[in-house]
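Since the structure comes first, as structure tokens, the remarks are kept for the end.
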Amino acid sequence: MSKVSLEDVSEHMVLVGLAGPDSHKLLTQAVDQAPNDDYQTNITDTLCSYKLPGSVNRYMLLGLTEKMKIIWESLAKDTTEANTSSWKLSDIRAGIPHISTDTVEAFVPQMVNLQIVNGVNFKKGCYPGQEVVARMQYLGKLKRRMYRAVISDESLMPKAGDEIYSPESSSGQGAGKVVNVERSPQGGYELLSVMEIKSAEASGLKLANENGPDIKLTDLPYAFDAA
């Protein structure tokens, strides 16, 4: 709850994402030293590099514009420039959620697996909603969690906040809700969705309603018991 001040540094700093099986080697060549472990950060006077979890090595680089120009030119020799959707898709495949205006206040952190991906610290001090979050962690029983899924049917494009239907749901709150979604290079859509555990473990998941496109669950890169 400390007082802070914010300053727009867009004119002076650049943020770049780097991902791929050879990204650690390429980043090491460009900056001499790259983080080795997930969530590890390397900080110098001109650059902050941070390693994110995922099926391939992924890094966020934040640095002064002139420094980042040099790094960009070095990395560009052996990489392909991608767009923001590609990065968001890599987050979905890594099981990392992003909350938008369509899903704000819809979940507690444990529902979107933040306790698994180092997204919440239960040892820190007070913050708004702490009692609810702590009660769920230490005393409650989680009835909903986030799953990764695919939709092959392109007749209806899903979006964040869309409802998930399941014939098994009887809670009155719906079987689940889409958190993030991106088009898949293989066709269809890939998404993260918070769902009732009992509905996810059954069959018949649909987007929006009982007549919507089929939803098929796929693997996350981490296990739920990691929590």
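Each chain in the structure tokens gets a letter, A, B, ..., in the order shown, and its residues are numbered from 1; ligands are numbered from 1 in order too.
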
>> For Pro213 in chain A, find every residue with an atom within 12 Å (counting only C-alpha atoms), except residues of its own chain fewer than 5 positions away, and show them as number ranges by chain.
In response: A: 150-158, 163-166, 188-189, 204-208

Print the selection's residues with C-alpha atoms to a file, as a CSV table (one decimal), in the first residue's frame.
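The resulting file, out_12.csv, is reproduced below:
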chain,number,residue,atom,x,y,z
A,150,VAL,CA,-9.2,-25.8,-28.2
A,151,ILE,CA,-12.2,-25.1,-30.4
A,152,SER,CA,-12.0,-26.5,-33.9
A,153,ASP,CA,-15.2,-25.0,-35.2
A,154,GLU,CA,-14.7,-21.5,-36.5
A,155,SER,CA,-18.4,-20.7,-36.9
A,156,LEU,CA,-18.4,-18.7,-33.7
A,157,MET,CA,-15.4,-16.8,-32.5
A,158,PRO,CA,-15.0,-16.9,-28.8
A,163,GLU,CA,-19.9,-18.4,-21.0
A,164,ILE,CA,-19.1,-22.1,-21.1
A,165,TYR,CA,-22.0,-24.6,-21.1
A,166,SER,CA,-21.9,-28.1,-19.6
A,188,GLY,CA,-9.7,-22.9,-34.9
A,189,TYR,CA,-9.0,-21.3,-31.5
A,204,GLY,CA,-20.2,-32.2,-23.4
A,205,LEU,CA,-18.5,-28.8,-22.9
A,206,LYS,CA,-19.8,-26.2,-25.4
A,207,LEU,CA,-19.2,-22.5,-26.0
A,208,ALA,CA,-22.0,-20.2,-25.0

>> For the structure I just gave you, how does DSSP split range 4-222 of chain A - specifically, which residues are alpha helix (DSSP H)? Reply as a ChimeraX atom specification.
In response: /A:23-31,65-76,84-94,130-138,197-200

>> Residues near Gly95 in chain A, anyone? I mean within 9 Å using only C-alpha atoms, not counting same-chain ones fewer than 4 positions away, as JSON, numbers by chain.
In response: {"A": [53, 54, 90, 91, 112, 113, 117, 146, 147, 148, 192, 220, 221, 222]}

> If you run DSSP on the backbone, which residues of range 26-222 of chain A are strand (DSSP E or B), as a PyMOL selection string?
Replying inline: chain A and resi 41-43+47-52+58-64+144-151+163-165+176-183+189-196+206-207+214+216-218

Just C-alpha atoms for this one: save the residues we selected as a short mmCIF file (atom, residue, chain, number, x, y, z; two decimals), in the first residue's frame.
data_model
loop_
_atom_site.label_atom_id
_atom_site.label_comp_id
_atom_site.auth_asym_id
_atom_site.auth_seq_id
_atom_site.Cartn_x
_atom_site.Cartn_y
_atom_site.Cartn_z
CA THR A 41 15.53 -11.62 -13.57
CA ASN A 42 18.84 -10.13 -14.66
CA ILE A 43 19.15 -6.36 -14.20
CA LEU A 47 18.52 -3.69 -19.46
CA CYS A 48 16.15 -5.92 -17.50
CA SER A 49 15.72 -9.46 -18.82
CA TYR A 50 13.14 -11.82 -17.32
CA LYS A 51 12.52 -15.51 -18.05
CA LEU A 52 8.90 -16.63 -18.28
CA ARG A 58 10.55 -17.16 -23.31
CA TYR A 59 12.00 -13.83 -22.25
CA MET A 60 10.83 -10.28 -21.70
CA LEU A 61 13.45 -7.61 -22.34
CA LEU A 62 13.03 -4.04 -21.08
CA GLY A 63 15.74 -1.53 -21.76
CA LEU A 64 16.78 1.92 -22.89
CA ARG A 144 -13.27 -23.92 -10.24
CA ARG A 145 -9.88 -23.72 -11.89
CA MET A 146 -8.42 -22.67 -15.20
CA TYR A 147 -8.04 -25.11 -18.08
CA ARG A 148 -6.47 -24.88 -21.51
CA ALA A 149 -8.77 -25.82 -24.39
CA VAL A 150 -9.21 -25.78 -28.15
CA ILE A 151 -12.21 -25.11 -30.39
CA GLU A 163 -19.87 -18.44 -20.99
CA ILE A 164 -19.07 -22.15 -21.08
CA TYR A 165 -21.96 -24.63 -21.14
CA GLY A 176 -17.29 -21.57 -16.76
CA LYS A 177 -16.03 -18.47 -18.48
CA VAL A 178 -13.44 -17.81 -21.20
CA VAL A 179 -10.38 -15.95 -19.89
CA ASN A 180 -8.21 -15.52 -23.01
CA VAL A 181 -8.46 -16.71 -26.62
CA GLU A 182 -6.37 -16.50 -29.79
CA ARG A 183 -6.57 -18.04 -33.24
CA TYR A 189 -9.00 -21.27 -31.51
CA GLU A 190 -6.91 -21.90 -28.41
CA LEU A 191 -8.15 -20.59 -25.10
CA LEU A 192 -7.86 -20.50 -21.35
CA SER A 193 -11.11 -20.91 -19.47
CA VAL A 194 -12.10 -21.09 -15.82
CA MET A 195 -14.48 -24.03 -15.37
CA GLU A 196 -16.21 -26.00 -12.68
CA LYS A 206 -19.77 -26.18 -25.38
CA LEU A 207 -19.16 -22.50 -26.04
CA ASP A 214 -17.48 -28.19 -28.94
CA LYS A 216 -11.91 -29.92 -26.06
CA LEU A 217 -9.55 -29.70 -23.11
CA THR A 218 -5.83 -30.02 -23.74
#

> What gap, in Å, lies between CA of Asn209 in chain A and CA of Lys88 in chain A?
Replying inline: 25.9 Å

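Proximity to Ala34 in chain A at 7 Å, evaluated using only C-alpha atoms and with sequence-adjacent residues fewer than 5 positions away removed, yields A:His24, A:Leu27, A:Thr28.
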
Since we have the selection now, will you write its residues out, keeping N, CA and C atoms, as an mmCIF file, in the first residue's frame?
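Wrote it out as result-v4.cif, contents follow:
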data_model
loop_
_atom_site.group_PDB
_atom_site.id
_atom_site.type_symbol
_atom_site.label_atom_id
_atom_site.label_comp_id
_atom_site.auth_asym_id
_atom_site.auth_seq_id
_atom_site.Cartn_x
_atom_site.Cartn_y
_atom_site.Cartn_z
ATOM 1 N N HIS A 24 17.526 -18.853 -25.606
ATOM 2 C CA HIS A 24 18.529 -18.678 -24.549
ATOM 3 C C HIS A 24 19.906 -18.458 -25.157
ATOM 4 N N LEU A 27 19.963 -14.983 -26.886
ATOM 5 C CA LEU A 27 19.976 -13.878 -25.933
ATOM 6 C C LEU A 27 21.331 -13.779 -25.238
ATOM 7 N N THR A 28 21.937 -14.920 -24.934
ATOM 8 C CA THR A 28 23.266 -14.918 -24.324
ATOM 9 C C THR A 28 24.283 -14.265 -25.247
#

>> From the options A:Leu75, A:Met13, A:Leu139, A:Val56, which residue's atoms come nearest to Ala30 in chain A, counting only C-alpha atoms?
In response: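 Nearest candidate to Ala30 in chain A out of A:Leu75, A:Met13, A:Leu139, A:Val56: A:Leu75.
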